[in-house]
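Content type compact mmCIF, C-alpha atoms, from the file target_29.txt:
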```txt
# COMPACT_ATOMS: atom_id res chain seq x y z
CA MET A 1 8.62 9.51 -6.86
CA PHE A 2 10.26 8.33 -3.63
CA ASN A 3 12.32 10.85 -1.68
CA GLY A 4 15.37 8.72 -0.98
CA GLU A 5 16.97 11.37 1.26
CA LYS A 6 14.19 11.19 3.82
CA ILE A 7 15.80 8.39 5.85
CA ASN A 8 19.17 6.71 5.82
CA PHE A 9 19.07 3.24 7.37
CA GLU A 10 21.07 0.19 6.40
CA LYS A 11 19.16 -2.50 4.55
CA PHE A 12 18.02 -5.53 6.51
CA PRO A 13 20.67 -8.22 5.92
CA LYS A 14 17.91 -10.76 5.25
CA HIS A 15 14.54 -10.10 3.70
CA ILE A 16 11.75 -9.37 6.19
CA TYR A 17 8.64 -11.04 4.81
CA LEU A 18 4.98 -10.21 5.21
CA ALA A 19 4.18 -13.74 6.41
CA THR A 20 5.81 -17.09 5.70
CA PRO A 21 5.36 -20.65 6.94
CA THR A 22 6.91 -21.47 10.30
CA MET A 23 7.94 -25.11 10.32
CA HIS A 24 8.74 -27.18 13.40
CA GLY A 25 9.98 -30.59 12.21
CA GLU A 26 6.95 -32.71 13.00
CA GLU A 27 5.61 -31.90 9.54
CA LEU A 28 8.44 -33.93 7.99
CA LYS A 29 7.63 -36.87 10.28
CA TYR A 30 4.10 -37.18 8.91
CA VAL A 31 5.09 -36.49 5.29
CA THR A 32 7.74 -39.22 5.61
CA GLU A 33 5.13 -41.53 7.09
CA ALA A 34 2.93 -40.97 4.03
CA TYR A 35 5.93 -41.71 1.78
CA GLU A 36 7.07 -44.83 3.62
CA THR A 37 3.57 -46.30 3.83
CA ASN A 38 2.96 -45.36 0.16
CA TRP A 39 -0.20 -43.37 0.97
CA MET A 40 0.66 -40.61 -1.51
CA SER A 41 -2.86 -40.13 -2.83
CA THR A 42 -5.99 -38.40 -1.52
CA VAL A 43 -6.64 -41.00 1.17
CA GLY A 44 -4.62 -41.91 4.25
CA GLU A 45 -4.19 -41.54 7.98
CA ASN A 46 -2.93 -37.96 7.78
CA ILE A 47 -6.18 -36.80 6.17
CA ASN A 48 -8.28 -38.72 8.67
CA GLU A 49 -6.36 -37.31 11.63
CA VAL A 50 -6.31 -33.72 10.36
CA GLU A 51 -10.06 -33.79 9.80
CA ARG A 52 -10.56 -35.12 13.32
CA GLN A 53 -8.23 -32.59 14.95
CA VAL A 54 -9.58 -29.56 13.09
CA ALA A 55 -13.20 -30.50 13.85
CA LYS A 56 -12.24 -30.86 17.52
CA LYS A 57 -10.41 -27.52 17.58
CA VAL A 58 -13.18 -25.61 15.84
CA GLY A 59 -15.91 -27.35 17.78
CA CYS A 60 -17.89 -28.63 14.80
CA LYS A 61 -18.87 -32.22 14.11
CA TYR A 62 -17.29 -32.71 10.68
CA ALA A 63 -14.35 -31.35 8.69
CA VAL A 64 -13.66 -32.34 5.08
CA GLY A 65 -10.08 -31.89 3.83
CA LEU A 66 -9.85 -30.24 0.41
CA SER A 67 -7.12 -29.06 -1.94
CA ALA A 68 -7.55 -25.36 -1.11
CA GLY A 69 -9.68 -22.90 0.77
CA THR A 70 -11.04 -21.84 -2.62
CA ALA A 71 -12.15 -25.42 -3.32
CA SER A 72 -13.99 -25.41 -0.01
CA LEU A 73 -15.70 -22.12 -0.86
CA HIS A 74 -16.63 -23.40 -4.30
CA LEU A 75 -18.26 -26.55 -2.98
CA ALA A 76 -19.96 -24.57 -0.21
CA MET A 77 -21.36 -22.25 -2.89
CA LYS A 78 -22.53 -25.20 -4.94
CA LEU A 79 -24.15 -26.81 -1.91
CA ALA A 80 -25.90 -23.56 -0.93
CA GLY A 81 -27.16 -23.09 -4.48
CA GLU A 82 -28.45 -26.65 -4.61
CA LYS A 83 -30.29 -26.23 -1.30
CA LEU A 84 -31.80 -22.92 -2.39
CA TYR A 85 -32.53 -23.45 -6.07
CA GLY A 86 -32.42 -27.16 -6.87
CA MET A 87 -29.99 -29.53 -8.54
CA GLN A 88 -27.24 -28.35 -10.84
CA LYS A 89 -27.96 -28.87 -14.50
CA LEU A 90 -25.18 -30.02 -16.81
CA GLY A 91 -23.20 -26.96 -17.83
CA LYS A 92 -25.23 -24.63 -15.61
CA GLY A 93 -24.29 -23.56 -12.10
CA CYS A 94 -26.55 -23.90 -9.08
CA LEU A 95 -26.57 -20.12 -8.65
CA SER A 96 -27.24 -19.42 -12.33
CA GLY A 97 -28.90 -16.03 -12.69
CA LYS A 98 -29.04 -15.43 -8.93
CA LYS A 99 -27.63 -12.49 -6.97
CA VAL A 100 -25.44 -13.19 -3.92
CA PHE A 101 -24.42 -10.70 -1.23
CA CYS A 102 -20.71 -10.84 -0.42
CA SER A 103 -17.90 -8.92 1.26
CA ASP A 104 -16.37 -6.20 -0.88
CA LEU A 105 -13.11 -5.80 1.04
CA THR A 106 -11.56 -9.26 0.70
CA PHE A 107 -9.45 -11.42 -1.59
CA CYS A 108 -11.09 -12.52 -4.82
CA ALA A 109 -11.11 -16.19 -3.71
CA THR A 110 -14.01 -15.35 -1.40
CA ILE A 111 -16.33 -14.52 -4.27
CA ASN A 112 -14.92 -16.12 -7.44
CA PRO A 113 -16.89 -19.32 -6.63
CA ILE A 114 -20.10 -17.28 -6.90
CA VAL A 115 -19.21 -16.73 -10.54
CA TYR A 116 -18.11 -20.36 -10.98
CA GLU A 117 -21.68 -21.32 -10.08
CA GLY A 118 -23.26 -18.75 -12.37
CA GLY A 119 -24.19 -16.18 -9.71
CA GLU A 120 -23.87 -12.40 -9.69
CA PRO A 121 -21.93 -10.83 -6.80
CA ILE A 122 -23.50 -7.85 -5.04
CA PHE A 123 -20.79 -6.32 -2.89
CA ILE A 124 -21.46 -5.18 0.68
CA ASP A 125 -19.34 -2.40 2.19
CA SER A 126 -17.23 -2.70 5.36
CA GLU A 127 -17.76 -1.18 8.79
CA ARG A 128 -14.96 0.54 10.69
CA ASP A 129 -15.04 -1.50 13.92
CA THR A 130 -13.62 -4.68 12.35
CA TRP A 131 -13.20 -3.77 8.65
CA ASN A 132 -15.58 -6.65 7.85
CA MET A 133 -19.04 -6.71 6.25
CA ASP A 134 -21.29 -3.98 7.63
CA PRO A 135 -24.58 -5.38 9.03
CA GLU A 136 -26.31 -2.04 8.34
CA ALA A 137 -25.19 -2.17 4.71
CA LEU A 138 -26.38 -5.78 4.52
CA GLU A 139 -29.82 -4.75 5.78
CA LYS A 140 -29.89 -1.97 3.19
CA ALA A 141 -28.96 -4.50 0.50
CA PHE A 142 -31.97 -6.67 1.39
CA GLU A 143 -34.18 -3.60 1.04
CA ILE A 144 -32.86 -3.12 -2.49
CA TYR A 145 -32.70 -6.82 -3.45
CA PRO A 146 -35.25 -8.64 -1.23
CA GLU A 147 -35.05 -11.77 -3.40
CA VAL A 148 -31.46 -12.61 -2.38
CA ARG A 149 -31.07 -15.75 -0.24
CA LEU A 150 -27.30 -16.17 0.18
CA VAL A 151 -24.69 -14.09 2.08
CA VAL A 152 -20.93 -14.72 1.93
CA PHE A 153 -18.70 -12.87 4.40
CA ALA A 154 -14.98 -13.02 5.22
CA ASN A 155 -13.16 -12.47 8.53
CA LEU A 156 -10.51 -10.05 7.36
CA TYR A 157 -6.89 -10.43 8.54
CA GLY A 158 -7.94 -12.87 11.27
CA VAL A 159 -10.51 -10.54 12.90
CA PRO A 160 -14.00 -12.01 13.48
CA SER A 161 -16.92 -10.20 11.87
CA LYS A 162 -19.93 -8.86 13.78
CA MET A 163 -21.37 -12.35 13.83
CA ASP A 164 -24.54 -11.78 15.83
CA GLU A 165 -25.64 -8.79 13.79
CA LEU A 166 -24.89 -10.41 10.42
CA ARG A 167 -26.70 -13.62 11.38
CA GLN A 168 -29.72 -11.70 12.65
CA VAL A 169 -30.02 -9.79 9.38
CA ALA A 170 -29.67 -12.96 7.31
CA LYS A 171 -32.22 -14.80 9.46
CA ARG A 172 -34.77 -11.99 9.10
CA HIS A 173 -34.54 -12.38 5.34
CA ASN A 174 -34.41 -16.20 5.24
CA ALA A 175 -30.91 -16.20 3.78
CA LEU A 176 -28.18 -18.80 4.15
CA ILE A 177 -24.65 -17.80 5.21
CA ILE A 178 -21.23 -18.96 4.03
CA GLU A 179 -18.49 -17.95 6.48
CA ASP A 180 -15.08 -17.52 4.86
CA ALA A 181 -12.80 -18.11 7.85
CA ALA A 182 -9.74 -18.69 5.63
CA GLU A 183 -7.79 -15.96 7.44
CA SER A 184 -9.22 -16.48 10.94
CA PHE A 185 -8.57 -20.11 11.94
CA GLY A 186 -8.12 -20.08 15.73
CA ALA A 187 -9.89 -16.74 16.27
CA THR A 188 -12.94 -16.63 18.53
CA TYR A 189 -16.15 -14.60 18.81
CA LYS A 190 -17.82 -14.67 22.24
CA GLY A 191 -15.72 -17.73 23.04
CA ILE A 192 -16.74 -19.65 19.90
CA GLN A 193 -14.22 -20.48 17.19
CA THR A 194 -14.70 -18.88 13.79
CA GLY A 195 -15.78 -21.45 11.24
CA ASN A 196 -18.98 -22.10 13.21
CA PHE A 197 -21.11 -19.10 12.29
CA GLY A 198 -22.32 -19.91 8.80
CA ASP A 199 -24.61 -22.57 7.42
CA TYR A 200 -21.42 -23.55 5.55
CA ASN A 201 -17.90 -22.70 6.75
CA CYS A 202 -14.46 -22.74 5.17
CA ILE A 203 -10.82 -22.39 6.28
CA SER A 204 -7.49 -22.31 4.42
CA PHE A 205 -4.01 -23.77 4.92
CA ASN A 206 -2.36 -21.69 2.19
CA GLY A 207 1.37 -21.02 2.53
CA ASN A 208 1.08 -17.73 4.41
CA LYS A 209 -1.80 -18.63 6.76
CA ILE A 210 -1.56 -18.96 10.55
CA ILE A 211 -0.78 -22.67 10.04
CA THR A 212 -0.10 -24.14 6.63
CA GLY A 213 0.09 -27.24 4.51
CA SER A 214 1.64 -25.21 1.66
CA SER A 215 -1.89 -25.49 0.28
CA GLY A 216 -5.14 -27.10 1.38
CA GLY A 217 -8.39 -26.10 3.00
CA MET A 218 -11.39 -27.50 4.84
CA PHE A 219 -15.16 -27.45 4.76
CA LEU A 220 -16.66 -27.33 8.28
CA THR A 221 -20.17 -28.40 9.23
CA ASP A 222 -22.40 -30.04 11.83
CA SER A 223 -24.34 -31.85 9.09
CA LEU A 224 -23.25 -35.38 8.20
CA GLU A 225 -25.32 -35.16 5.01
CA ASP A 226 -23.49 -32.01 3.91
CA ALA A 227 -20.07 -33.43 4.82
CA ASN A 228 -20.75 -36.57 2.78
CA LYS A 229 -21.98 -34.49 -0.17
CA ILE A 230 -18.84 -32.33 -0.16
CA ARG A 231 -16.60 -35.39 0.19
CA LYS A 232 -18.35 -37.04 -2.78
CA TRP A 233 -18.16 -33.95 -5.00
CA SER A 234 -14.47 -33.50 -4.14
CA THR A 235 -13.65 -36.98 -5.47
CA GLN A 236 -15.24 -36.52 -8.92
CA ALA A 237 -18.74 -37.39 -7.64
CA ARG A 238 -18.09 -41.09 -8.01
CA GLU A 239 -21.09 -43.24 -7.08
CA ASP A 240 -20.97 -46.31 -4.86
CA ALA A 241 -20.75 -48.86 -7.66
CA PRO A 242 -18.23 -51.56 -8.74
CA TRP A 243 -17.29 -49.43 -11.78
CA TYR A 244 -16.82 -45.70 -12.32
CA GLN A 245 -20.37 -44.43 -12.12
CA HIS A 246 -21.10 -40.68 -12.32
CA GLU A 247 -24.58 -39.20 -12.00
CA GLU A 248 -23.57 -35.57 -11.40
CA ILE A 249 -20.59 -33.29 -12.02
CA GLY A 250 -17.71 -33.63 -9.57
CA TYR A 251 -14.28 -32.13 -8.97
CA ASN A 252 -10.74 -33.22 -8.16
CA TYR A 253 -10.69 -31.23 -4.91
CA ARG A 254 -9.69 -33.76 -2.22
CA MET A 255 -6.75 -32.94 0.05
CA SER A 256 -3.56 -34.91 -0.55
CA ASN A 257 -2.36 -37.18 2.27
CA VAL A 258 1.07 -35.57 1.85
CA ILE A 259 -0.29 -32.04 2.30
CA ALA A 260 -2.35 -33.31 5.23
CA GLY A 261 0.91 -34.52 6.81
CA VAL A 262 2.24 -30.97 6.81
CA VAL A 263 -1.00 -29.63 8.33
CA ARG A 264 -0.96 -32.44 10.92
CA GLY A 265 2.51 -31.37 12.03
CA GLN A 266 1.42 -27.73 12.23
CA ILE A 267 -1.80 -28.08 14.26
CA PRO A 268 -0.10 -28.46 17.68
CA TYR A 269 1.54 -25.06 17.14
CA LEU A 270 -1.58 -23.06 16.26
CA ASP A 271 -1.89 -21.40 19.67
CA GLU A 272 1.84 -20.66 19.75
CA HIS A 273 1.64 -18.98 16.33
CA ILE A 274 -1.35 -16.91 17.46
CA ALA A 275 0.54 -15.75 20.56
CA GLN A 276 3.51 -14.74 18.42
CA LYS A 277 1.28 -12.85 15.99
CA LYS A 278 -0.47 -11.07 18.85
CA ALA A 279 2.87 -9.94 20.28
CA ILE A 280 3.79 -8.49 16.87
CA TYR A 281 0.48 -6.60 16.73
CA GLN A 282 0.95 -5.20 20.24
CA ARG A 283 4.53 -4.08 19.55
CA TYR A 284 3.36 -2.20 16.47
CA LYS A 285 0.52 -0.61 18.41
CA GLU A 286 2.91 0.55 21.14
CA GLY A 287 5.55 1.68 18.64
CA PHE A 288 3.09 3.82 16.68
CA LYS A 289 1.27 5.38 19.65
CA ASN A 290 2.66 8.88 18.95
CA LEU A 291 2.07 8.71 15.19
CA PRO A 292 -1.08 9.60 13.22
CA ILE A 293 -1.72 5.86 12.79
CA SER A 294 -4.23 3.32 14.12
CA MET A 295 -4.00 -0.48 13.94
CA ASN A 296 -6.62 -2.74 12.35
CA PRO A 297 -9.37 -2.79 15.00
CA TYR A 298 -11.34 -5.53 16.70
CA ASP A 299 -14.03 -5.85 19.36
CA GLU A 300 -11.88 -6.38 22.46
CA LYS A 301 -14.93 -7.32 24.57
CA ASN A 302 -16.27 -10.10 22.33
CA CYS A 303 -13.42 -11.14 20.04
CA GLU A 304 -9.98 -12.66 20.16
CA PRO A 305 -8.45 -12.47 16.67
CA ASN A 306 -5.67 -14.76 15.49
CA PHE A 307 -3.74 -11.58 14.51
CA TRP A 308 -2.74 -13.16 11.20
CA LEU A 309 -1.62 -9.84 9.71
CA SER A 310 -0.94 -6.57 11.50
CA CYS A 311 -2.33 -3.66 9.50
CA MET A 312 -2.21 0.10 9.96
CA LEU A 313 -4.45 2.98 8.90
CA ILE A 314 -3.08 6.50 8.40
CA ASP A 315 -5.17 9.35 9.80
CA LYS A 316 -6.86 11.35 7.04
CA GLU A 317 -5.15 14.62 7.95
CA ALA A 318 -1.73 12.88 7.84
CA MET A 319 -2.13 11.56 4.29
CA CYS A 320 0.09 13.04 1.60
CA LYS A 321 -1.24 13.12 -1.95
CA GLN A 322 -1.47 9.65 -3.50
CA VAL A 323 -2.94 8.42 -6.78
CA ARG A 324 -3.26 4.79 -7.83
CA GLY A 325 -3.78 3.72 -11.42
CA GLU A 326 -4.57 0.17 -12.49
CA HIS A 327 -0.96 -0.95 -12.12
CA GLU A 328 1.18 1.94 -10.88
CA PRO A 329 0.85 4.32 -7.88
CA LEU A 330 2.17 7.87 -7.51
CA PHE A 331 2.51 10.08 -4.47
CA LYS A 332 3.86 13.50 -3.55
CA SER A 333 6.05 13.55 -0.46
CA GLU A 334 5.01 16.08 2.18
CA VAL A 335 6.69 17.00 5.47
CA GLY A 336 4.94 15.40 8.44
CA LYS A 337 2.71 13.30 6.20
CA SER A 338 2.90 9.97 4.40
CA CYS A 339 0.75 7.44 2.52
CA PRO A 340 0.67 3.66 1.98
CA THR A 341 2.61 3.92 -1.28
CA GLU A 342 5.48 5.84 0.32
CA ILE A 343 5.68 3.51 3.32
CA LEU A 344 5.55 0.35 1.20
CA GLU A 345 8.19 1.62 -1.20
CA THR A 346 10.40 2.66 1.70
CA LEU A 347 10.07 -0.72 3.42
CA SER A 348 10.93 -2.42 0.12
CA LYS A 349 14.01 -0.22 -0.28
CA TYR A 350 15.29 -1.51 3.05
CA ASN A 351 14.52 -5.15 2.24
CA ALA A 352 11.20 -5.50 4.11
CA GLU A 353 7.86 -6.55 2.67
CA GLY A 354 4.46 -4.97 3.27
CA ARG A 355 1.28 -5.05 1.18
CA PRO A 356 -1.64 -2.77 0.41
CA ILE A 357 -4.94 -3.54 2.09
CA TRP A 358 -7.11 -5.76 -0.12
CA LYS A 359 -8.38 -3.70 -3.04
CA PRO A 360 -12.20 -3.71 -2.84
CA LEU A 361 -13.54 -6.16 -5.38
CA SER A 362 -16.03 -3.64 -6.72
CA LEU A 363 -13.00 -1.60 -7.86
CA GLN A 364 -11.53 -4.55 -9.76
CA PRO A 365 -11.96 -4.27 -13.55
CA VAL A 366 -13.51 -7.74 -13.76
CA PHE A 367 -16.30 -6.79 -11.29
CA ARG A 368 -17.00 -3.15 -12.10
CA SER A 369 -20.39 -3.94 -13.58
CA CYS A 370 -21.52 -5.26 -10.18
CA ASP A 371 -23.34 -3.19 -7.59
CA VAL A 372 -21.86 -2.25 -4.21
CA ILE A 373 -24.07 -1.41 -1.23
CA SER A 374 -23.03 0.87 1.62
CA LYS A 375 -25.23 1.65 4.62
CA LYS A 376 -26.32 4.75 2.71
CA GLY A 377 -27.61 2.62 -0.15
CA SER A 378 -26.52 1.52 -3.62
CA VAL A 379 -23.30 3.12 -4.87
CA ARG A 380 -22.93 3.17 -8.62
CA GLY A 381 -19.89 4.61 -10.38
CA CYS A 382 -17.52 3.00 -7.88
CA THR A 383 -14.38 4.40 -9.46
CA ASP A 384 -15.70 7.96 -9.28
CA ALA A 385 -16.59 7.50 -5.61
CA TYR A 386 -13.07 6.23 -4.93
CA ILE A 387 -11.33 9.07 -6.76
CA GLU A 388 -13.48 11.68 -5.01
CA GLY A 389 -12.11 10.61 -1.65
CA SER A 390 -13.99 7.47 -0.69
CA LYS A 391 -16.95 9.43 0.70
CA GLU A 392 -19.47 6.67 0.15
CA CYS A 393 -17.73 3.36 0.85
CA VAL A 394 -15.72 2.58 3.98
CA GLY A 395 -13.82 -0.15 2.12
CA TYR A 396 -12.54 2.34 -0.46
CA ASP A 397 -11.26 4.57 2.33
CA LEU A 398 -9.51 1.67 4.08
CA PHE A 399 -7.81 0.68 0.83
CA ASN A 400 -6.74 4.26 0.25
CA ARG A 401 -5.21 4.80 3.71
CA GLY A 402 -4.29 1.31 4.93
CA LEU A 403 -1.47 -1.19 4.51
CA CYS A 404 -0.33 -4.56 5.85
CA LEU A 405 2.91 -4.51 7.83
CA PRO A 406 5.58 -7.23 8.00
CA SER A 407 3.93 -9.83 10.25
CA ASP A 408 6.16 -12.88 9.99
CA ASN A 409 6.35 -14.59 13.37
CA LYS A 410 10.04 -15.38 12.78
CA MET A 411 10.82 -11.66 12.65
CA THR A 412 12.95 -10.71 15.67
CA ILE A 413 12.02 -7.91 18.07
CA GLU A 414 15.04 -5.98 16.82
CA GLU A 415 13.92 -6.37 13.22
CA GLN A 416 10.40 -5.26 14.07
CA ASN A 417 11.74 -2.25 15.94
CA ARG A 418 13.63 -1.22 12.82
CA VAL A 419 10.43 -1.58 10.76
CA ILE A 420 8.74 0.74 13.25
CA GLU A 421 11.57 3.27 12.94
CA ILE A 422 11.33 3.19 9.14
CA VAL A 423 7.60 3.88 9.30
CA LYS A 424 8.18 6.72 11.79
CA ALA A 425 10.78 8.27 9.50
CA CYS A 426 8.24 8.43 6.65
CA PHE A 427 6.28 11.00 8.67
CA LYS A 428 9.25 13.33 9.30
```
Rewritten as structure tokens:
Amino acid sequence: MFNGEKINFEKFPKHIYLATPTMHGEELKYVTEAYETNWMSTVGENINEVERQVAKKVGCKYAVGLSAGTASLHLAMKLAGEKLYGMQKLGKGCLSGKKVFCSDLTFCATINPIVYEGGEPIFIDSERDTWNMDPEALEKAFEIYPEVRLVVFANLYGVPSKMDELRQVAKRHNALIIEDAAESFGATYKGIQTGNFGDYNCISFNGNKIITGSSGGMFLTDSLEDANKIRKWSTQAREDAPWYQHEEIGYNYRMSNVIAGVVRGQIPYLDEHIAQKKAIYQRYKEGFKNLPISMNPYDEKNCEPNFWLSCMLIDKEAMCKQVRGEHEPLFKSEVGKSCPTEILETLSKYNAEGRPIWKPLSLQPVFRSCDVISKKGSVRGCTDAYIEGSKECVGYDLFNRGLCLPSDNKMTIEEQNRVIEIVKACFK
């Protein structure tokens, strides 16, 4: 249980959030325009303009506005499956019976669409340099499952993956790539915007992302044929006919012109938001420099993250005892040591919000029958490996020792300094 005597600060007078939308006023202008012109459906000038502006920012030829990042990932998965294995049959997904390599340390939205399309996820462990998919583990996975032809990776917390290495491995094995850039819009790898590195690419405008529409997402591509296919599928796969003609299964996935108005008002502030997020990251890094803590890493030579969330990792020797069940965690307080559970509970006590690192999907009850591949090979009995101290999988270790800090770009410097002091006090 929490040792409430360890520190004695006053609560924050207002709640300090992990990450919330930052609105500027122009959003209302475009939403009002949609209302006054009566374009309240899934067509309109806001959608057209947002697609144009996002494609220009990312540096791709086409962007298709969709209802969510998950919708984009689903249609990307369907398109990849169709290209690899043929047309979807009624009631049967394009990936039916096929294995797909995917990031283990990510949110479930990255890989749920694999299951929507009938595929079987094979989880690939993280590497420590970026916390993203490990190219060595991916190579090992192809040795074990040489028949796989699709790789799905996420750019965690706004940090670009090891793009060159991942693409080289996939190319050697004739595999397609889906890049989940939901968390990394505006980040760059070797000067190129994320959302350009897959055969199919997806971003999100969910409520807590670097810019938001409250919801919404986009499919990004240089292929006009693929863009048109996604646009068709997202509007119930209606054929070009004078009546409602349907020759394949479609979805109600198109972005609303109202949501697009919010995104349109946000886009001019993307770089400003990134600068604010970077300043938060750097203040945490400076504030923790004398603690047994490191920040979520990135390749400073080749990458510029969007710093969506600032995360920390506790040194192994500074971890107090911590056990996590399916729903409840426990820890034993120790002098000079701490753990994610203690820090998160302490932040919450003082009216500030943090989160655990994403729980690896191979540890989720719904996916425990799936394999997970580390650079050492196939790891079965994932739960046992986790309990024994995460010796096999990097992602398990990151989940065990890491947490996401309050990263809201409306948080004041004074408020962030108090968060830093609270974290410091947990190690006394």
Polymer residues at most 7 Å from range 186-203 of chain A, only C-alpha atoms, same-chain spacing of 3 or more positions, as a PyMOL selection string
chain A and resi 58+60+69+72-73+76+158+160+163+176-182+217-221+302-306
Between A:Glu421, A:Asp226, A:Glu328, A:Asp125, which has the minimum distance to Glu82 in chain A (counting only C-alpha atoms)?
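Closest residue, counting only C-alpha atoms: A:Asp226.
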For a quick check of understanding, using only C-alpha atoms, which of A:Ile211, A:Ala71, A:Ile373, A:Met77 has the smallest distance to Thr235 in chain A?
A:Ala71
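Reported to one decimal place, the separation of CA of Glu300 in chain A from CA of Ile420 in chain A is 23.7 Å.
Among the candidates A:Pro21, A:Pro292, A:Pro329, A:Pro121, the one nearest to Val366 in chain A when counting all atoms listed in the file is A:Pro121.
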Excluding same-chain residues fewer than 5 positions from range 423-427 of chain A, what lies within 7 Å of it counting only C-alpha atoms, as a PyMOL selection string?
chain A and resi 7+335-338+343
Nearest-residue call for Ile249 in chain A, choices A:Gln236, A:Phe399, A:Arg264, A:Lys278, using only C-alpha atoms
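Closest to Ile249 in chain A of all the choices is A:Gln236.
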Quick one: distance from CA of Ile230 in chain A to CA of Leu75 in chain A in Å, one decimal?
6.5 Å
Selected residue, from A:Gly402, A:Gly395, A:Gly287, A:Gly213, that lies nearest to Ala137 in chain A when counting all atoms listed in the file
A:Gly395
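With all atoms listed in the file as the basis for measurement, A:His15 is the residue among A:Asn228, A:Arg128, A:His15, A:Thr70 that approaches Ala352 in chain A most closely.
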Mind pulling up the distance from CA of Gly261 in chain A to CA of Trp39 in chain A?
10.7 Å
With 10 Å as the threshold, what does the neighbourhood of (4.4, -20.3, 16.6) contain in terms of residues, counting all atoms listed in the file? Coordinates are those of the file; answer as a VMD selection string.
chain A and resid 21 to 24 210 to 211 266 268 to 277 409 to 410
Write out as number ranges by chain which residues come within 12 Å of Glu49 in chain A when counting only C-alpha atoms, dropping same-chain ones fewer than 2 positions away.
A: 30, 43-47, 51-56, 62-65, 257, 260-265, 267
Is there a way to get, as JSON, numbers by chain, all residues within 12 Å of the point (-31.3, -13.4, 8.0) in file coordinates, counting all atoms listed in the file?
{"A": [101, 135, 138, 139, 141, 142, 146, 148, 149, 150, 151, 163, 164, 165, 166, 167, 168, 169, 170, 171, 172, 173, 174, 175, 176, 177, 198, 199]}
Centre, edges in Å (one decimal): axis-aligned box, range 417-426 of chain A, 6 Å padding on all six sides, as lines of an AutoDock Vina configuration file:
```
center_x = 10.6
center_y = 3.1
center_z = 11.3
size_x = 18.0
size_y = 22.7
size_z = 21.3
```
